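Each remark here refers to the structure printed beneath this line.
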Amino acid sequence: MPDKKVELKVGDIAPKFCLPDKDNKEVCLKDFKEMYKIVYFYPADNTPGCTTEAIGFTNVLPDLQELDAEVIGISPDSPESHKKFIEKKNLKVTLLSDEKKEILKIYGAWGLKKFQGKTYMGVIRSTFLINPEGKIAHIWPKVSVKDHAEEVKNKLEELTS
């Protein structure tokens, strides 16, 4: 019998995690207590959509930080891959490595995908806005990268005003 997928919803306590960053240093969700966390899941470093999304979040990061929020990107790529991606694209967001895909699965960001008639397991691009109390304040279940960072910023402004 396959594992039953947990469906997270607004109001749920966000599942805790600790994952390695670009320097292989452990970063935990609890490290960002008393602030908003924007946790986004993406398929791979240095791909067009993921680059657009990461640059988008880097561009609005000062505005988000002014609203007391931090951005955490999670993919199955290695810390070394994240380091190269951050340096190459001059990214300012925190990228964490989930090579075992455990956190991706817990957040429902790993699942069946279809592309050009083929079905395969992969990262479902999604974003979670977590409030300072650790509860999910908003979910974007299937993200389109164009203007996504701006959309997240607007939602955060709405919630904090």
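Residue numbers start at 1 in each chain; chains themselves are named A, B, ... in the order of the structure tokens; ligands are numbered from 1 in the order shown.
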
Legend entry - Backbone DSSP call of strand (DSSP E) for stretch 38-150 of chain A, listed as a ChimeraX atom specification: /A:38-41,69-75,94-97,110-115,118-123,126-130,136-140

Inset, instruction - Select, from A:Phe57, A:Ser78, A:Lys142, A:Lys89, the residue with the minimum atom-to-atom distance to A:Gly108, counting only C-alpha atoms. - result: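 Among the listed residues, A:Lys142 lies closest to A:Gly108.
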
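Going from atom CA of A:Lys153 over to atom CA of A:Lys33, you cover 18.9 Å.
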
Give me, as a PDB file with N, CA, C and O atoms, in the first residue's frame, all polymer residues having an atom no more than 12 Å from stretch 112-121 of chain A, counting only C-alpha atoms and skipping those fewer than 2 positions away in the same chain.
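So around-v2.pdb came out as:
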ATOM      1  N   LYS A   5      -0.584  10.498   0.888  1.00  0.00           N
ATOM      2  CA  LYS A   5      -0.033  11.846   0.788  1.00  0.00           C
ATOM      3  C   LYS A   5      -0.761  12.767   1.774  1.00  0.00           C
ATOM      4  O   LYS A   5      -1.973  12.792   1.839  1.00  0.00           O
ATOM      5  N   PRO A  43      12.326  22.527  -8.997  1.00  0.00           N
ATOM      6  CA  PRO A  43      12.938  21.304  -9.530  1.00  0.00           C
ATOM      7  C   PRO A  43      14.467  21.271  -9.581  1.00  0.00           C
ATOM      8  O   PRO A  43      15.066  20.289  -9.145  1.00  0.00           O
ATOM      9  N   LYS A 101      14.709  13.886  -0.715  1.00  0.00           N
ATOM     10  CA  LYS A 101      13.329  14.279  -1.062  1.00  0.00           C
ATOM     11  C   LYS A 101      12.335  14.083   0.080  1.00  0.00           C
ATOM     12  O   LYS A 101      11.129  14.032  -0.132  1.00  0.00           O
ATOM     13  N   LEU A 104      10.419  17.483   0.617  1.00  0.00           N
ATOM     14  CA  LEU A 104       9.582  17.655  -0.579  1.00  0.00           C
ATOM     15  C   LEU A 104       8.316  16.808  -0.451  1.00  0.00           C
ATOM     16  O   LEU A 104       7.214  17.283  -0.721  1.00  0.00           O
ATOM     17  N   LYS A 105       8.480  15.550  -0.012  1.00  0.00           N
ATOM     18  CA  LYS A 105       7.331  14.642   0.119  1.00  0.00           C
ATOM     19  C   LYS A 105       6.386  15.112   1.228  1.00  0.00           C
ATOM     20  O   LYS A 105       5.170  15.115   1.048  1.00  0.00           O
ATOM     21  N   GLY A 108       4.224  17.782   0.121  1.00  0.00           N
ATOM     22  CA  GLY A 108       3.428  17.480  -1.059  1.00  0.00           C
ATOM     23  C   GLY A 108       4.020  18.049  -2.336  1.00  0.00           C
ATOM     24  O   GLY A 108       3.334  18.230  -3.339  1.00  0.00           O
ATOM     25  N   ALA A 109       5.328  18.352  -2.307  1.00  0.00           N
ATOM     26  CA  ALA A 109       5.994  18.959  -3.463  1.00  0.00           C
ATOM     27  C   ALA A 109       6.752  17.923  -4.301  1.00  0.00           C
ATOM     28  O   ALA A 109       7.535  18.275  -5.166  1.00  0.00           O
ATOM     29  N   TRP A 110       6.535  16.648  -4.023  1.00  0.00           N
ATOM     30  CA  TRP A 110       7.126  15.579  -4.814  1.00  0.00           C
ATOM     31  C   TRP A 110       5.988  14.678  -5.244  1.00  0.00           C
ATOM     32  O   TRP A 110       5.220  14.188  -4.403  1.00  0.00           O
ATOM     33  N   VAL A 123       9.578  17.201  -8.862  1.00  0.00           N
ATOM     34  CA  VAL A 123       9.231  18.295  -7.955  1.00  0.00           C
ATOM     35  C   VAL A 123       8.039  19.067  -8.527  1.00  0.00           C
ATOM     36  O   VAL A 123       8.047  19.457  -9.684  1.00  0.00           O
ATOM     37  N   ILE A 124       7.037  19.243  -7.680  1.00  0.00           N
ATOM     38  CA  ILE A 124       5.882  20.059  -8.031  1.00  0.00           C
ATOM     39  C   ILE A 124       6.178  21.455  -7.487  1.00  0.00           C
ATOM     40  O   ILE A 124       6.267  21.641  -6.277  1.00  0.00           O
ATOM     41  N   ARG A 125       6.400  22.383  -8.396  1.00  0.00           N
ATOM     42  CA  ARG A 125       6.772  23.742  -8.007  1.00  0.00           C
ATOM     43  C   ARG A 125       5.642  24.338  -7.166  1.00  0.00           C
ATOM     44  O   ARG A 125       4.530  24.511  -7.644  1.00  0.00           O
ATOM     45  N   LYS A 142       0.546  25.181  -7.380  1.00  0.00           N
ATOM     46  CA  LYS A 142       1.172  24.946  -8.690  1.00  0.00           C
ATOM     47  C   LYS A 142       1.607  26.299  -9.217  1.00  0.00           C
ATOM     48  O   LYS A 142       0.803  27.048  -9.756  1.00  0.00           O
TER      49      LYS A 142
END

Legend entry - Who sits within 8 Å of A:Ser97, only C-alpha atoms, same chain under 3 positions skipped, as a PyMOL selection string: chain A and resi 19-22+74-79+82

Inset, instruction - For atom CA of A:Glu34 and atom CA of A:Gly56, determine how far apart the two atoms are, in Å to one decimal place. - result: 24.1 Å

Legend entry - Pick from A:Thr94, A:Glu66, A:Lys88, A:Asn59 nearest to A:His148, counting only C-alpha atoms: A:Asn59

Legend entry - Selected residue, from A:Ala14, A:Ile106, A:Val71, A:Leu64, that lies nearest to A:Lys37 when counting only C-alpha atoms: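 Ranking A:Ala14, A:Ile106, A:Val71, A:Leu64 by distance to A:Lys37, first place goes to A:Val71.
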
Legend entry - Among listed residues A:Glu70, A:Glu80, A:Glu151, A:Asp98, nearest A:Tyr36 (using only C-alpha atoms):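 Of the candidates, the smallest distance to A:Tyr36 is held by A:Glu70.
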